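J.: File name data05.cif; file contents mmCIF, C-alpha atoms; full text below.
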data_protein
#
loop_
_atom_site.group_PDB
_atom_site.id
_atom_site.type_symbol
_atom_site.label_atom_id
_atom_site.label_comp_id
_atom_site.auth_asym_id
_atom_site.auth_seq_id
_atom_site.Cartn_x
_atom_site.Cartn_y
_atom_site.Cartn_z
ATOM 1 C CA MET A 1224 0.000 0.000 0.000
ATOM 2 C CA ASP A 1225 1.200 3.527 -0.765
ATOM 3 C CA ILE A 1226 1.358 6.309 1.826
ATOM 4 C CA ALA A 1227 -0.484 9.214 0.214
ATOM 5 C CA TRP A 1228 0.336 11.809 2.883
ATOM 6 C CA ASP A 1229 1.197 12.279 6.544
ATOM 7 C CA VAL A 1230 -1.227 14.162 8.763
ATOM 8 C CA THR A 1231 0.140 17.421 10.171
ATOM 9 C CA PRO A 1232 -1.276 19.635 12.935
ATOM 10 C CA ALA A 1233 -2.584 21.971 10.203
ATOM 11 C CA ASP A 1234 -4.295 19.011 8.552
ATOM 12 C CA LEU A 1235 -6.025 18.173 11.833
ATOM 13 C CA GLU A 1236 -7.470 21.678 12.013
ATOM 14 C CA ALA A 1237 -8.803 21.362 8.466
ATOM 15 C CA ILE A 1238 -10.134 17.818 8.916
ATOM 16 C CA GLU A 1239 -11.990 18.861 12.064
ATOM 17 C CA ILE A 1240 -13.869 21.539 10.127
ATOM 18 C CA GLY A 1241 -14.426 19.380 7.074
ATOM 19 C CA ALA A 1242 -15.722 16.510 9.199
ATOM 20 C CA ASN A 1243 -18.216 18.839 10.850
ATOM 21 C CA VAL A 1244 -19.416 19.973 7.419
ATOM 22 C CA LEU A 1245 -19.748 16.404 6.138
ATOM 23 C CA GLY A 1246 -21.495 15.388 9.356
ATOM 24 C CA THR A 1247 -24.266 17.937 8.659
ATOM 25 C CA GLY A 1248 -24.985 18.235 12.362
ATOM 26 C CA GLY A 1249 -24.415 14.589 13.305
ATOM 27 C CA GLY A 1250 -21.556 12.436 14.467
ATOM 28 C CA GLY A 1251 -20.509 14.456 17.499
ATOM 29 C CA ASN A 1252 -17.887 17.156 17.817
ATOM 30 C CA PRO A 1253 -14.375 16.110 16.677
ATOM 31 C CA TYR A 1254 -12.708 18.918 18.655
ATOM 32 C CA THR A 1255 -11.528 16.834 21.619
ATOM 33 C CA VAL A 1256 -10.362 14.028 19.319
ATOM 34 C CA LYS A 1257 -8.329 16.582 17.391
ATOM 35 C CA LEU A 1258 -6.649 17.662 20.619
ATOM 36 C CA TYR A 1259 -5.639 14.055 21.391
ATOM 37 C CA ALA A 1260 -4.314 13.546 17.865
ATOM 38 C CA ARG A 1261 -2.396 16.814 17.964
ATOM 39 C CA GLU A 1262 -0.749 15.822 21.247
ATOM 40 C CA LEU A 1263 0.304 12.485 19.752
ATOM 41 C CA LEU A 1264 1.945 14.308 16.838
ATOM 42 C CA LYS A 1265 3.799 16.499 19.340
ATOM 43 C CA GLN A 1266 5.108 13.313 20.941
ATOM 44 C CA GLY A 1267 6.596 12.267 17.609
ATOM 45 C CA LYS A 1268 3.889 9.814 16.598
ATOM 46 C CA ARG A 1269 2.993 9.443 12.931
ATOM 47 C CA ILE A 1270 -0.437 9.390 11.292
ATOM 48 C CA ALA A 1271 -0.036 8.114 7.737
ATOM 49 C CA VAL A 1272 -2.924 8.147 5.253
ATOM 50 C CA VAL A 1273 -2.975 5.505 2.521
ATOM 51 C CA ASP A 1274 -4.815 5.547 -0.790
ATOM 52 C CA PRO A 1275 -7.462 2.806 -0.594
ATOM 53 C CA LEU A 1276 -6.903 1.884 -4.236
ATOM 54 C CA THR A 1277 -3.359 0.765 -3.364
ATOM 55 C CA LEU A 1278 -4.458 -1.643 -0.611
ATOM 56 C CA PRO A 1279 -3.356 -5.223 -1.314
ATOM 57 C CA ASP A 1280 -6.408 -7.414 -1.801
ATOM 58 C CA ASP A 1281 -5.329 -9.616 1.097
ATOM 59 C CA ALA A 1282 -4.650 -6.729 3.512
ATOM 60 C CA LEU A 1283 -6.651 -6.827 6.734
ATOM 61 C CA VAL A 1284 -8.507 -3.583 7.520
ATOM 62 C CA VAL A 1285 -10.563 -2.744 10.621
ATOM 63 C CA ALA A 1286 -13.092 0.063 11.115
ATOM 64 C CA VAL A 1287 -12.432 1.989 14.333
ATOM 65 C CA GLY A 1288 -14.579 4.540 16.092
ATOM 66 C CA GLY A 1289 -16.616 5.452 19.114
ATOM 67 C CA MET A 1290 -20.109 4.410 20.166
ATOM 68 C CA GLY A 1291 -22.363 6.152 22.639
ATOM 69 C CA ALA A 1292 -23.773 9.549 23.484
ATOM 70 C CA PRO A 1293 -21.876 12.428 21.791
ATOM 71 C CA THR A 1294 -22.195 14.677 24.852
ATOM 72 C CA VAL A 1295 -20.742 11.983 27.107
ATOM 73 C CA SER A 1296 -17.777 11.505 24.765
ATOM 74 C CA ILE A 1297 -17.049 15.224 25.093
ATOM 75 C CA GLU A 1298 -17.583 15.547 28.846
ATOM 76 C CA ARG A 1299 -15.888 12.309 29.862
ATOM 77 C CA ILE A 1300 -12.095 12.242 29.893
ATOM 78 C CA ILE A 1301 -11.081 9.332 27.696
ATOM 79 C CA ARG A 1302 -7.699 7.634 27.708
ATOM 80 C CA GLY A 1303 -7.406 7.696 23.923
ATOM 81 C CA ASP A 1304 -5.798 4.256 23.770
ATOM 82 C CA GLU A 1305 -9.031 2.285 24.138
ATOM 83 C CA PHE A 1306 -9.385 2.355 20.351
ATOM 84 C CA LEU A 1307 -6.069 0.542 19.970
ATOM 85 C CA TYR A 1308 -7.033 -1.910 22.742
ATOM 86 C CA ALA A 1309 -10.118 -2.869 20.738
ATOM 87 C CA VAL A 1310 -7.957 -3.411 17.638
ATOM 88 C CA ARG A 1311 -5.489 -5.577 19.575
ATOM 89 C CA ALA A 1312 -8.392 -7.675 20.882
ATOM 90 C CA LEU A 1313 -9.418 -8.416 17.301
ATOM 91 C CA GLU A 1314 -5.837 -9.264 16.375
ATOM 92 C CA ARG A 1315 -5.679 -11.822 19.173
ATOM 93 C CA HIS A 1316 -9.001 -13.269 18.088
ATOM 94 C CA VAL A 1317 -8.211 -13.673 14.378
ATOM 95 C CA GLY A 1318 -4.596 -14.646 14.993
ATOM 96 C CA ARG A 1319 -2.899 -12.175 12.680
ATOM 97 C CA PRO A 1320 -1.921 -8.476 12.674
ATOM 98 C CA ILE A 1321 -4.219 -5.765 11.358
ATOM 99 C CA ASP A 1322 -2.673 -3.917 8.406
ATOM 100 C CA ALA A 1323 -4.688 -0.667 8.345
ATOM 101 C CA LEU A 1324 -7.579 1.190 9.968
ATOM 102 C CA ILE A 1325 -10.551 2.995 8.456
ATOM 103 C CA SER A 1326 -13.317 5.239 9.748
ATOM 104 C CA LYS A 1327 -16.905 4.028 9.721
ATOM 105 C CA GLU A 1328 -18.122 7.594 9.211
ATOM 106 C CA ILE A 1329 -16.198 10.659 8.095
ATOM 107 C CA GLY A 1330 -18.784 13.021 9.589
ATOM 108 C CA GLY A 1331 -18.119 14.209 13.128
ATOM 109 C CA SER A 1332 -15.790 12.782 15.754
ATOM 110 C CA ASN A 1333 -15.322 9.337 14.202
ATOM 111 C CA SER A 1334 -13.419 10.989 11.366
ATOM 112 C CA MET A 1335 -10.305 11.200 13.551
ATOM 113 C CA ARG A 1336 -10.748 8.439 16.128
ATOM 114 C CA PRO A 1337 -8.976 5.886 13.889
ATOM 115 C CA MET A 1338 -6.037 8.290 13.853
ATOM 116 C CA LEU A 1339 -5.559 7.853 17.607
ATOM 117 C CA ALA A 1340 -5.220 4.090 17.272
ATOM 118 C CA ALA A 1341 -3.093 4.529 14.156
ATOM 119 C CA ALA A 1342 -0.651 6.846 15.899
ATOM 120 C CA LEU A 1343 -0.355 4.659 19.000
ATOM 121 C CA GLY A 1344 -0.142 1.404 17.073
ATOM 122 C CA ASP A 1345 2.013 2.578 14.146
ATOM 123 C CA LEU A 1346 -0.730 1.701 11.660
ATOM 124 C CA PRO A 1347 -1.863 3.603 8.556
ATOM 125 C CA VAL A 1348 -5.316 5.121 8.098
ATOM 126 C CA VAL A 1349 -7.209 4.391 4.885
ATOM 127 C CA ASP A 1350 -8.412 7.459 2.970
ATOM 128 C CA GLY A 1351 -12.084 6.600 3.046
ATOM 129 C CA ASP A 1352 -15.023 5.657 5.259
ATOM 130 C CA GLY A 1353 -18.329 3.840 5.241
ATOM 131 C CA MET A 1354 -20.809 6.687 4.965
ATOM 132 C CA GLY A 1355 -19.487 9.855 3.356
ATOM 133 C CA ARG A 1356 -21.227 11.722 6.172
ATOM 134 C CA ALA A 1357 -22.667 10.713 9.587
ATOM 135 C CA PHE A 1358 -25.461 8.320 10.499
ATOM 136 C CA PRO A 1359 -26.622 7.163 13.953
ATOM 137 C CA GLU A 1360 -26.373 3.362 13.722
ATOM 138 C CA LEU A 1361 -23.787 0.775 12.635
ATOM 139 C CA GLN A 1362 -25.891 -1.019 10.042
ATOM 140 C CA MET A 1363 -26.280 2.192 8.034
ATOM 141 C CA CYS A 1364 -22.721 2.178 6.691
ATOM 142 C CA THR A 1365 -21.820 1.013 3.199
ATOM 143 C CA PHE A 1366 -19.743 -1.904 4.480
ATOM 144 C CA PHE A 1367 -22.870 -3.636 5.757
ATOM 145 C CA ILE A 1368 -25.136 -2.384 2.977
ATOM 146 C CA TYR A 1369 -22.842 -4.221 0.555
ATOM 147 C CA GLY A 1370 -22.988 -7.349 2.668
ATOM 148 C CA LEU A 1371 -19.723 -7.465 4.619
ATOM 149 C CA PRO A 1372 -19.771 -9.481 7.872
ATOM 150 C CA ALA A 1373 -20.437 -7.655 11.146
ATOM 151 C CA ALA A 1374 -18.307 -9.913 13.367
ATOM 152 C CA PRO A 1375 -15.961 -10.425 14.994
ATOM 153 C CA ALA A 1376 -16.131 -7.026 16.659
ATOM 154 C CA ALA A 1377 -14.748 -5.610 19.910
ATOM 155 C CA LEU A 1378 -15.712 -2.894 22.376
ATOM 156 C CA CYS A 1379 -13.360 -1.322 24.932
ATOM 157 C CA ASP A 1380 -14.058 1.273 27.621
ATOM 158 C CA ILE A 1381 -11.780 3.758 29.383
ATOM 159 C CA ARG A 1382 -10.905 1.101 32.017
ATOM 160 C CA HIS A 1383 -9.737 -1.287 29.271
ATOM 161 C CA ASN A 1384 -12.653 -3.645 29.813
ATOM 162 C CA VAL A 1385 -13.018 -5.469 26.482
ATOM 163 C CA VAL A 1386 -16.118 -7.242 25.166
ATOM 164 C CA LEU A 1387 -15.725 -9.383 22.045
ATOM 165 C CA PHE A 1388 -18.583 -10.349 19.740
ATOM 166 C CA ASP A 1389 -17.437 -13.581 18.140
ATOM 167 C CA GLU A 1390 -20.499 -14.087 15.954
ATOM 168 C CA VAL A 1391 -23.652 -12.059 15.307
ATOM 169 C CA ARG A 1392 -26.587 -12.610 12.989
ATOM 170 C CA ASP A 1393 -26.104 -9.284 11.201
ATOM 171 C CA ALA A 1394 -25.203 -5.624 11.722
ATOM 172 C CA PHE A 1395 -28.627 -4.848 13.198
ATOM 173 C CA TRP A 1396 -27.957 -7.298 16.032
ATOM 174 C CA LEU A 1397 -24.432 -5.984 16.505
ATOM 175 C CA GLU A 1398 -25.822 -2.472 16.859
ATOM 176 C CA ARG A 1399 -28.449 -3.648 19.331
ATOM 177 C CA MET A 1400 -26.100 -5.625 21.566
ATOM 178 C CA ALA A 1401 -23.115 -3.288 21.325
ATOM 179 C CA ARG A 1402 -25.343 -0.356 22.282
ATOM 180 C CA ALA A 1403 -26.482 -2.209 25.420
ATOM 181 C CA VAL A 1404 -22.881 -2.963 26.396
ATOM 182 C CA THR A 1405 -21.880 0.650 25.720
ATOM 183 C CA ILE A 1406 -24.504 1.858 28.192
ATOM 184 C CA GLN A 1407 -22.947 -0.325 30.893
ATOM 185 C CA MET A 1408 -19.536 1.051 29.951
ATOM 186 C CA GLY A 1409 -20.713 4.564 30.813
ATOM 187 C CA CYS A 1410 -22.360 5.514 27.517
ATOM 188 C CA HIS A 1411 -19.076 5.724 25.633
ATOM 189 C CA ALA A 1412 -16.955 2.922 24.185
ATOM 190 C CA ALA A 1413 -14.368 2.403 21.485
ATOM 191 C CA TYR A 1414 -15.125 -0.191 18.843
ATOM 192 C CA ALA A 1415 -13.143 -2.158 16.282
ATOM 193 C CA MET A 1416 -15.293 -3.913 13.724
ATOM 194 C CA ALA A 1417 -14.989 -7.040 11.628
ATOM 195 C CA PRO A 1418 -11.627 -7.313 9.871
ATOM 196 C CA TRP A 1419 -12.238 -6.931 6.143
ATOM 197 C CA SER A 1420 -9.902 -7.500 3.204
ATOM 198 C CA GLY A 1421 -8.374 -4.788 1.080
ATOM 199 C CA ALA A 1422 -10.448 -6.050 -1.845
ATOM 200 C CA GLU A 1423 -13.639 -5.665 0.197
ATOM 201 C CA ILE A 1424 -12.700 -2.151 1.300
ATOM 202 C CA LYS A 1425 -12.086 -1.066 -2.288
ATOM 203 C CA ARG A 1426 -15.475 -2.465 -3.259
ATOM 204 C CA THR A 1427 -17.589 -1.076 -0.409
ATOM 205 C CA ALA A 1428 -15.972 2.057 1.072
ATOM 206 C CA VAL A 1429 -16.639 5.682 0.193
ATOM 207 C CA LEU A 1430 -13.214 6.543 -1.169
ATOM 208 C CA HIS A 1431 -10.885 9.485 -0.397
ATOM 209 C CA THR A 1432 -13.157 11.152 2.160
ATOM 210 C CA VAL A 1433 -10.328 11.985 4.589
ATOM 211 C CA THR A 1434 -8.771 14.055 1.807
ATOM 212 C CA GLN A 1435 -12.200 15.524 1.054
ATOM 213 C CA ALA A 1436 -12.652 16.605 4.677
ATOM 214 C CA ARG A 1437 -9.199 18.173 4.690
ATOM 215 C CA THR A 1438 -9.911 20.032 1.438
ATOM 216 C CA ILE A 1439 -13.249 21.396 2.670
ATOM 217 C CA GLY A 1440 -11.673 22.520 5.937
ATOM 218 C CA THR A 1441 -8.791 24.205 4.116
ATOM 219 C CA VAL A 1442 -11.232 26.176 1.957
ATOM 220 C CA VAL A 1443 -13.171 27.287 5.040
ATOM 221 C CA LEU A 1444 -9.998 28.333 6.878
ATOM 222 C CA GLU A 1445 -8.751 30.306 3.874
ATOM 223 C CA ALA A 1446 -12.094 32.092 3.596
ATOM 224 C CA ARG A 1447 -11.956 32.987 7.288
ATOM 225 C CA ARG A 1448 -8.466 34.410 6.877
ATOM 226 C CA ARG A 1449 -9.804 36.623 4.090
ATOM 227 C CA GLN A 1450 -12.749 37.519 6.339
ATOM 228 C CA GLU A 1451 -15.140 36.113 3.760
ATOM 229 C CA ASN A 1452 -18.228 33.957 4.086
ATOM 230 C CA PRO A 1453 -16.944 30.355 3.757
ATOM 231 C CA ILE A 1454 -20.262 28.913 2.609
ATOM 232 C CA PRO A 1455 -20.096 29.965 -1.073
ATOM 233 C CA ALA A 1456 -16.510 28.725 -1.421
ATOM 234 C CA SER A 1457 -17.181 25.365 0.219
ATOM 235 C CA GLY A 1458 -20.367 24.990 -1.807
ATOM 236 C CA ARG A 1459 -18.529 25.539 -5.054
ATOM 237 C CA LEU A 1460 -15.929 22.991 -4.001
ATOM 238 C CA ALA A 1461 -18.645 20.340 -3.706
ATOM 239 C CA GLY A 1462 -20.350 21.405 -6.933
ATOM 240 C CA GLY A 1463 -23.253 23.004 -5.111
ATOM 241 C CA CYS A 1464 -24.852 26.445 -5.078
ATOM 242 C CA ILE A 1465 -26.823 28.634 -2.676
ATOM 243 C CA LEU A 1466 -30.533 28.461 -3.464
ATOM 244 C CA PHE A 1467 -31.675 30.889 -0.788
ATOM 245 C CA GLN A 1468 -30.726 32.208 2.620
ATOM 246 C CA GLY A 1469 -32.764 33.320 5.571
ATOM 247 C CA LYS A 1470 -33.653 32.676 9.192
ATOM 248 C CA ILE A 1471 -35.739 29.722 10.354
ATOM 249 C CA VAL A 1472 -38.612 30.990 12.479
ATOM 250 C CA GLY A 1473 -40.729 27.826 12.598
ATOM 251 C CA CYS A 1474 -41.018 24.264 11.332
ATOM 252 C CA ALA A 1475 -43.770 22.132 9.908
ATOM 253 C CA ALA A 1476 -44.640 18.474 10.356
ATOM 254 C CA ALA A 1477 -47.514 16.153 9.574
ATOM 255 C CA ARG A 1478 -49.858 15.250 12.406
ATOM 256 C CA ASP A 1479 -52.775 12.908 11.766
ATOM 257 C CA GLY A 1480 -52.482 13.603 8.065
ATOM 258 C CA ARG A 1481 -52.640 17.375 8.531
ATOM 259 C CA LEU A 1482 -49.809 19.868 8.116
ATOM 260 C CA CYS A 1483 -49.065 21.610 11.382
ATOM 261 C CA ALA A 1484 -46.589 24.419 11.972
ATOM 262 C CA TRP A 1485 -44.817 25.422 15.146
ATOM 263 C CA GLY A 1486 -43.447 28.897 15.596
ATOM 264 C CA GLY A 1487 -41.247 30.329 18.283
ATOM 265 C CA ASP A 1488 -44.054 31.883 20.341
ATOM 266 C CA ASP A 1489 -45.254 28.782 22.250
ATOM 267 C CA ARG A 1490 -48.732 29.032 20.757
ATOM 268 C CA GLY A 1491 -48.606 25.414 19.594
ATOM 269 C CA ALA A 1492 -49.848 24.016 16.309
ATOM 270 C CA ARG A 1493 -51.660 26.323 13.955
#
Using structure tokens, write down the structure that the file contains.

T.:
Amino acid sequence: MDIAWDVTPADLEAIEIGANVLGTGGGGNPYTVKLYARELLKQGKRIAVVDPLTLPDDALVVAVGGMGAPTVSIERIIRGDEFLYAVRALERHVGRPIDALISKEIGGSNSMRPMLAAALGDLPVVDGDGMGRAFPELQMCTFFIYGLPAAPAALCDIRHNVVLFDEVRDAFWLERMARAVTIQMGCHAAYAMAPWSGAEIKRTAVLHTVTQARTIGTVVLEARRRQENPIPASGRLAGGCILFQGKIVGCAAARDGRLCAWGGDDRGAR
């Protein structure tokens, strides 16, 4: 596999912003994860990003991230190494080393959580993910949509308690059971999911989204430095355009087949 680029502190700043944009309000705040990753770079650790198209077909790749309540993951002081502990648990289970890590979702905090395990374990991060944005549940990622196995998978908490799922019926059941375990772990846990081959990653992943997040963040930062509105520039980058702009003063939803609107004056449906 070919190293495409090494993550720098400036890259982390850009990826944080780009991941928030791609998350479209979901996935949690990557700010604290960025701080951990930046500290690891200061310690001399390396975060190498590899082009997914150069992965050997027989390479073993694991998706790494966090599960639980986003607010808890921000408020609770995590060790940062629980992500690597989950990876090592899978290595022991399958009996061979993991070759690379990938994010399940590029939107929000899981965009950079694989980088923590990568830096601590001297592993590369694949330039891609399983969503292209952020979604709330495991089974919603492209890996499972295209039929990849959901197990074995591992969860690890901040105390290094590890739970291993040797076999599950499908990703829906993994989500259901892993969520229950995560609650007992304090509503935040690190996961490492189902080692997949390089060939499977190339077939099922959303490619080059780490680079995309960095590019979006760079455009936003450059616009800020020029004291310009970053939205038009980032929109053009993604091939989009501004249709309208304004202030939301109420929302509408269907209730019993009727359209109801709620404003900001507490007068209820009207």

J.: Using the chain letters and numbering of this document, enumerate as a list in words the residues selected by the PyMOL selection byres ((chain A and resi 1427) around 8).

T.: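 Taken over the shown coordinates, the PyMOL selection byres ((chain A and resi 1427) around 8) returns Gly1353, Thr1365, Phe1366, Tyr1369, Glu1423, Ile1424, Lys1425, Arg1426, Ala1428 and Val1429 of chain A.
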
J.: I want to know what sits within 9 Å of stretch 1229-1231 of chain A, based on only C-alpha atoms, with residues of the same chain fewer than 6 positions away left out; could you give that as a list in words?

T.: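 Within the cut-off, the hits are Arg1261, Leu1264, Arg1269, Ile1270, Ala1271, Val1272 and Val1273 of chain A.
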
J.: With only C-alpha atoms as the basis for distance, which of A:Ala1417, A:Ile1471, A:Leu1460, A:Val1317 is at the shortest distance from A:Gly1440?

T.: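 For A:Gly1440, the nearest of the given residues is A:Leu1460.
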
J.: What is the atom CA of A:Gly1462 to atom CA of A:Val1348 distance in Å?

T.: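 Pair atom CA of A:Gly1462 / atom CA of A:Val1348 returns 26.8 Å.
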
J.: Can you list what the PyMOL selection byres ((chain A and resi 1242-1253) around 7) grabs from this structure, as a PyMOL selection string?

T.: chain A and resi 1238-1241+1254-1257+1293+1329-1334+1356-1358+1436

J.: Quick one: which residues end up in the PyMOL selection byres ((chain A and resi 1341) around 8) for this structure, as a ChimeraX atom specification?

T.: /A:1269-1271,1307,1323-1324,1337-1340,1342-1348

J.: From the options A:Glu1360, A:Asp1322, A:Asp1393, A:Glu1398, which residue's atoms come nearest to A:Leu1378, counting all atoms listed in the file?

T.: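 Among A:Glu1360, A:Asp1322, A:Asp1393, A:Glu1398, it is A:Glu1398 that comes nearest to A:Leu1378.
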
J.: Nearest to A:Gly1351 among A:Val1433, A:Ile1226, A:Met1335, A:Ala1461, with distances taken over only C-alpha atoms: which residue is it?

T.: A:Val1433

J.: Kindly give the distance, in Å, that separates atom CA of A:Asp1389 and atom CA of A:Gly1318, rounded to a single decimal.

T.: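 Taking atom CA of A:Asp1389 and atom CA of A:Gly1318, their separation equals 13.3 Å.
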
J.: Around the point (-11.0, -0.8, 11.3) in the file's coordinates, collect all residues with an atom within 7 Å, using all atoms listed in the file, and return them as an NGL selection string.

T.: :A and (1284-1287 or 1323-1326 or 1415-1416 or 1418)

J.: Just how far from atom CA of A:Leu1235 is atom CA of A:Arg1402, in Å to one decimal?

T.: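 According to the coordinates, atom CA of A:Arg1402 and atom CA of A:Leu1235 are separated by 28.7 Å.
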
J.: Under the rule that only C-alpha atoms are counted, which of A:Arg1437, A:Arg1392, A:Arg1399, A:Arg1311 is the nearest residue to A:Met1290?

T.: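 Checking each of A:Arg1437, A:Arg1392, A:Arg1399, A:Arg1311 against A:Met1290, counting only C-alpha atoms, the winner is A:Arg1399.
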
J.: Could you give me the centre and size, in Å to one decimal, of an axis-aligned box around all listed atoms of stretch 1322-1335 of chain A with 5 Å added on every side, as lines of an AutoDock Vina configuration file?

T.:
center_x = -10.7
center_y = 5.1
center_z = 11.9
size_x = 26.1
size_y = 28.1
size_z = 17.7

J.: Ranking A:Gly1421, A:Ser1457, A:Arg1299, A:Pro1359 by minimum distance to A:Met1224 and counting only C-alpha atoms, which one comes first?

T.: A:Gly1421

J.: What lies within 7 Å of A:Gly1289 using all atoms listed in the file, ignoring chain neighbours under 6 positions off, as a count of residues only?

T.: 5

J.: Could you list, as a ChimeraX atom specification, every residue within 9 Å of A:Val1386, counting all atoms listed in the file and ignoring same-chain residues fewer than 5 positions away?

T.: /A:1309,1312,1376-1379,1401,1404
